[in-house]
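Reading through the structure tokens given below for one structure.
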Amino acid sequence: MHTTALVLFSGGQDSTTCLAQALSKYQRVETIAFDYRQRHHVELEARLKVLSEIRQQFPQWGDKLGQDHLLDLAVLGEVSDTSLTRDTAFKMEQSGLPNTFVPGRNLLFLTLAAAVAYRRDLQVMVTGVCETDFSGYPDCRDDTMKAMQLALSLGMDKRFLIETPLMWIDKAATWALAHELGEKSGVANGGEALVNLIIEHTHTCYLGDREHRHPWGYGCGTCPACELRARGYERFKA
Ligand code: ZN
């Protein structure tokens with residue numbers, strides 16, 4: 001029986017939904033994020049706000065929420081040349097992958113997360129990767145996650161479980177899942193409260209735009225991450 005988890009928590013919609021699910025399932029939950037000099041650096045501030053809002057608005061979850069870990073991964077910005085770490089436009093590469101793909105990013109994240117989970121004695125690692133929406137990202141695929149789970153468990157001689165609650169659902173279903181988890185949180189109107197918390201405080205926009213407010217939250221409204229979030233929200237509300 002698993003009782004403890006480490007959530008890869010970037011401060012976006014997906015990882016906030018994963019965090020809510022972990023808090024509804026496990027007894028002790030810690031969070032981890034990485035500073036790789038991403039252009040949308042604002043997400044690192046957003047995540048602290050999300051954590052404090054969860055503590056305030058969902059006290060039963062707040063009781064289970066433990067340490068937050070932020071690791072410096074500047075080296076990832078040094079070795080990769082992508083539109084997430086450089087000031088270049090979003091486009092598709094000849095490889096068929098968007099130039100927002102940071103090679104090895106999730107592999108490094110999981111490896112470092114496992115090292116922290118090992119030290120903190122946390123059994124499950126939860127990540128918001130998804131094959132349904134970002135089908136272009138090979139490090140978000142289910143096979144990659146299963147291979148990482150095996151490699152990390154063998155390499156650290158400790159059984160890790162990598163949990164991916166969003167793997168097979170789309171963005172509309174992710175909004176619906178957040179609503180459902182909020183409803184079961186023990187807080188009155190918790191579903192609406194969690195959806196509103198996600199709209200108001202999570203950050204998804206690749207450009208780090210916190211100026212323009214839309215029904216689905218803040219962002220430029222035109223980058224691939226904003227488009228995906230907006231479309232999902234529209235279908236969720238429909
Ligand atoms: Zn955007």
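Quick note on naming: the chains in the structure tokens go A, B, ... in the order shown, residues restart at 1 in each chain, and ligands are numbered from 1 in order of appearance.
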Shell of 9 Å around ligand 1 (only C-alpha atoms and all ligand atoms), written as a ChimeraX atom specification
/A:204-209,218-227
Enumerate, as a ChimeraX atom specification, the complete set of residues in region 140-196 of chain A that a backbone-based DSSP assignment places in helix (DSSP H, G or I).
/A:140,142-155,171-183,190-196
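Considering the residues A:Tyr26, A:Asn106, A:Gly11, A:Gln57 and counting only C-alpha atoms, Ala193 (chain A) has its shortest atom-to-atom contact with A:Gln57.
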Non-local contacts of region 28-35 of chain A (6 Å; only C-alpha atoms; under 3 positions in same chain excluded) as a count of residues only
17
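The shortest atom-to-atom distance to Gln27 (chain A), with only C-alpha atoms taken into account, belongs to A:Met1 out of A:Leu107, A:Leu166, A:Val42, A:Met1.
Among the candidate residues A:Thr202, A:Gln38, A:Thr144, A:Ser24, the one lying nearest to Glu183 (chain A) is A:Ser24, with distances computed using only C-alpha atoms.
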Per DSSP on the backbone, what are the strand (DSSP E) residues of region 161-218 of chain A, as a PDB file with all heavy atoms, in the first residue's frame?
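Output file result28.pdb follows:
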```
ATOM      1  N   LEU A 161       7.187   3.861  -8.006  1.00  0.00           N
ATOM      2  CA  LEU A 161       6.036   3.829  -8.891  1.00  0.00           C
ATOM      3  C   LEU A 161       5.929   5.209  -9.532  1.00  0.00           C
ATOM      4  O   LEU A 161       5.969   6.223  -8.840  1.00  0.00           O
ATOM      5  CB  LEU A 161       4.778   3.529  -8.075  1.00  0.00           C
ATOM      6  CG  LEU A 161       3.506   3.245  -8.870  1.00  0.00           C
ATOM      7  CD1 LEU A 161       3.616   1.902  -9.569  1.00  0.00           C
ATOM      8  CD2 LEU A 161       2.302   3.243  -7.934  1.00  0.00           C
ATOM      9  N   ILE A 162       5.858   5.248 -10.862  1.00  0.00           N
ATOM     10  CA  ILE A 162       5.607   6.529 -11.536  1.00  0.00           C
ATOM     11  C   ILE A 162       4.140   6.557 -11.925  1.00  0.00           C
ATOM     12  O   ILE A 162       3.670   5.722 -12.700  1.00  0.00           O
ATOM     13  CB  ILE A 162       6.494   6.706 -12.788  1.00  0.00           C
ATOM     14  CG1 ILE A 162       7.974   6.749 -12.377  1.00  0.00           C
ATOM     15  CG2 ILE A 162       6.117   8.001 -13.525  1.00  0.00           C
ATOM     16  CD1 ILE A 162       8.939   6.958 -13.538  1.00  0.00           C
ATOM     17  N   GLU A 163       3.422   7.503 -11.364  1.00  0.00           N
ATOM     18  CA  GLU A 163       1.983   7.605 -11.597  1.00  0.00           C
ATOM     19  C   GLU A 163       1.719   8.752 -12.572  1.00  0.00           C
ATOM     20  O   GLU A 163       2.255   9.851 -12.399  1.00  0.00           O
ATOM     21  CB  GLU A 163       1.288   7.872 -10.258  1.00  0.00           C
ATOM     22  CG  GLU A 163      -0.170   7.565 -10.246  1.00  0.00           C
ATOM     23  CD  GLU A 163      -0.711   7.621  -8.799  1.00  0.00           C
ATOM     24  OE1 GLU A 163      -0.900   8.729  -8.290  1.00  0.00           O
ATOM     25  OE2 GLU A 163      -0.907   6.554  -8.218  1.00  0.00           O
ATOM     26  N   ARG A 213      -5.985  38.455 -19.035  1.00  0.00           N
ATOM     27  CA  ARG A 213      -6.856  37.523 -18.319  1.00  0.00           C
ATOM     28  C   ARG A 213      -7.961  37.052 -19.259  1.00  0.00           C
ATOM     29  O   ARG A 213      -8.669  37.837 -19.864  1.00  0.00           O
ATOM     30  CB  ARG A 213      -7.450  38.234 -17.092  1.00  0.00           C
ATOM     31  CG  ARG A 213      -8.521  37.470 -16.341  1.00  0.00           C
ATOM     32  CD  ARG A 213      -7.973  36.216 -15.653  1.00  0.00           C
ATOM     33  NE  ARG A 213      -8.755  35.839 -14.482  1.00  0.00           N
ATOM     34  CZ  ARG A 213      -9.886  35.130 -14.543  1.00  0.00           C
ATOM     35  NH1 ARG A 213     -10.362  34.737 -15.699  1.00  0.00           N
ATOM     36  NH2 ARG A 213     -10.525  34.822 -13.414  1.00  0.00           N
ATOM     37  N   HIS A 214      -8.093  35.724 -19.377  1.00  0.00           N
ATOM     38  CA  HIS A 214      -9.141  35.108 -20.199  1.00  0.00           C
ATOM     39  C   HIS A 214     -10.047  34.302 -19.272  1.00  0.00           C
ATOM     40  O   HIS A 214      -9.718  34.132 -18.094  1.00  0.00           O
ATOM     41  CB  HIS A 214      -8.499  34.164 -21.228  1.00  0.00           C
ATOM     42  CG  HIS A 214      -7.358  34.784 -21.981  1.00  0.00           C
ATOM     43  ND1 HIS A 214      -7.515  35.430 -23.185  1.00  0.00           N
ATOM     44  CD2 HIS A 214      -6.035  34.863 -21.686  1.00  0.00           C
ATOM     45  CE1 HIS A 214      -6.340  35.884 -23.594  1.00  0.00           C
ATOM     46  NE2 HIS A 214      -5.429  35.558 -22.714  1.00  0.00           N
ATOM     47  N   GLY A 217      -7.972  31.775 -17.595  1.00  0.00           N
ATOM     48  CA  GLY A 217      -6.803  32.184 -16.822  1.00  0.00           C
ATOM     49  C   GLY A 217      -5.933  33.171 -17.573  1.00  0.00           C
ATOM     50  O   GLY A 217      -6.372  33.769 -18.556  1.00  0.00           O
ATOM     51  N   TYR A 218      -4.690  33.330 -17.095  1.00  0.00           N
ATOM     52  CA  TYR A 218      -3.782  34.317 -17.685  1.00  0.00           C
ATOM     53  C   TYR A 218      -2.904  33.701 -18.767  1.00  0.00           C
ATOM     54  O   TYR A 218      -2.512  32.545 -18.673  1.00  0.00           O
ATOM     55  CB  TYR A 218      -2.880  34.911 -16.596  1.00  0.00           C
ATOM     56  CG  TYR A 218      -3.615  35.772 -15.614  1.00  0.00           C
ATOM     57  CD1 TYR A 218      -4.174  35.221 -14.463  1.00  0.00           C
ATOM     58  CD2 TYR A 218      -3.791  37.138 -15.845  1.00  0.00           C
ATOM     59  CE1 TYR A 218      -4.867  36.007 -13.551  1.00  0.00           C
ATOM     60  CE2 TYR A 218      -4.488  37.937 -14.947  1.00  0.00           C
ATOM     61  CZ  TYR A 218      -5.018  37.362 -13.804  1.00  0.00           C
ATOM     62  OH  TYR A 218      -5.706  38.139 -12.912  1.00  0.00           O
TER      63      TYR A 218
END
```
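The interatomic distance for the pair CA of Ala74 (chain A) and CA of Leu112 (chain A) works out to 13.6 Å.
We find CA of Arg119 (chain A) and CA of Leu19 (chain A) to be spaced 20.1 Å apart.
Here CA of Arg159 (chain A) is placed at a distance of 7.4 Å from CA of Gln123 (chain A).
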Neighbour list for Met156 (chain A) as number ranges by chain, cut-off 12 Å, only C-alpha atoms, skip fewer than 3 positions in-chain:
A: 111-112, 114-119, 148-153, 159-160
Do you know which residues are at most 10 Å from Pro165 (chain A) counting only C-alpha atoms, after dropping those on the same chain fewer than 3 positions away, and could you put them as a PyMOL selection string?
chain A and resi 14-15+17-18+21-22+126-130+162+168-169+174+177
I need the chosen residues saved as a PDB file, in the first residue's frame, with N, CA and C atoms.
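Below you can see out_39.pdb, which holds the result:
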```pdb
ATOM      1  N   ASP A  14      -1.904  21.195 -15.308  1.00  0.00           N
ATOM      2  CA  ASP A  14      -1.779  19.736 -15.240  1.00  0.00           C
ATOM      3  C   ASP A  14      -1.179  19.281 -13.912  1.00  0.00           C
ATOM      4  N   SER A  15      -0.065  19.897 -13.531  1.00  0.00           N
ATOM      5  CA  SER A  15       0.599  19.414 -12.322  1.00  0.00           C
ATOM      6  C   SER A  15      -0.195  19.792 -11.072  1.00  0.00           C
ATOM      7  N   THR A  17      -3.488  19.696 -10.962  1.00  0.00           N
ATOM      8  CA  THR A  17      -4.505  18.642 -10.912  1.00  0.00           C
ATOM      9  C   THR A  17      -3.892  17.353 -10.362  1.00  0.00           C
ATOM     10  N   CYS A  18      -2.673  17.054 -10.785  1.00  0.00           N
ATOM     11  CA  CYS A  18      -1.970  15.865 -10.250  1.00  0.00           C
ATOM     12  C   CYS A  18      -1.740  16.000  -8.748  1.00  0.00           C
ATOM     13  N   GLN A  21      -4.896  15.329  -6.912  1.00  0.00           N
ATOM     14  CA  GLN A  21      -5.199  13.901  -6.850  1.00  0.00           C
ATOM     15  C   GLN A  21      -4.314  13.188  -5.819  1.00  0.00           C
ATOM     16  N   ALA A  22      -3.035  13.549  -5.794  1.00  0.00           N
ATOM     17  CA  ALA A  22      -2.128  12.934  -4.813  1.00  0.00           C
ATOM     18  C   ALA A  22      -2.586  13.265  -3.391  1.00  0.00           C
ATOM     19  N   VAL A 126       4.619  11.363  -9.040  1.00  0.00           N
ATOM     20  CA  VAL A 126       3.446  11.692  -9.844  1.00  0.00           C
ATOM     21  C   VAL A 126       3.822  12.776 -10.847  1.00  0.00           C
ATOM     22  N   THR A 127       3.514  12.540 -12.105  1.00  0.00           N
ATOM     23  CA  THR A 127       3.818  13.541 -13.129  1.00  0.00           C
ATOM     24  C   THR A 127       2.640  13.706 -14.091  1.00  0.00           C
ATOM     25  N   GLY A 128       2.455  14.926 -14.558  1.00  0.00           N
ATOM     26  CA  GLY A 128       1.289  15.261 -15.394  1.00  0.00           C
ATOM     27  C   GLY A 128       1.501  15.028 -16.876  1.00  0.00           C
ATOM     28  N   VAL A 129       2.464  14.188 -17.247  1.00  0.00           N
ATOM     29  CA  VAL A 129       2.683  13.937 -18.670  1.00  0.00           C
ATOM     30  C   VAL A 129       1.450  13.291 -19.295  1.00  0.00           C
ATOM     31  N   CYS A 130       1.319  13.489 -20.604  1.00  0.00           N
ATOM     32  CA  CYS A 130       0.078  13.113 -21.273  1.00  0.00           C
ATOM     33  C   CYS A 130       0.357  12.815 -22.736  1.00  0.00           C
ATOM     34  N   ILE A 162       5.858   5.248 -10.862  1.00  0.00           N
ATOM     35  CA  ILE A 162       5.607   6.529 -11.536  1.00  0.00           C
ATOM     36  C   ILE A 162       4.140   6.557 -11.925  1.00  0.00           C
ATOM     37  N   TRP A 168      -3.946   9.491 -20.388  1.00  0.00           N
ATOM     38  CA  TRP A 168      -4.871   9.154 -21.470  1.00  0.00           C
ATOM     39  C   TRP A 168      -6.068  10.090 -21.538  1.00  0.00           C
ATOM     40  N   ILE A 169      -6.026  11.214 -20.851  1.00  0.00           N
ATOM     41  CA  ILE A 169      -7.171  12.133 -20.929  1.00  0.00           C
ATOM     42  C   ILE A 169      -6.753  13.447 -21.580  1.00  0.00           C
ATOM     43  N   THR A 174      -9.158  17.023 -18.044  1.00  0.00           N
ATOM     44  CA  THR A 174      -8.302  17.441 -16.930  1.00  0.00           C
ATOM     45  C   THR A 174      -9.020  18.495 -16.075  1.00  0.00           C
ATOM     46  N   LEU A 177     -11.594  16.594 -14.152  1.00  0.00           N
ATOM     47  CA  LEU A 177     -10.984  15.832 -13.049  1.00  0.00           C
ATOM     48  C   LEU A 177     -10.719  16.752 -11.849  1.00  0.00           C
TER      49      LEU A 177
END
```
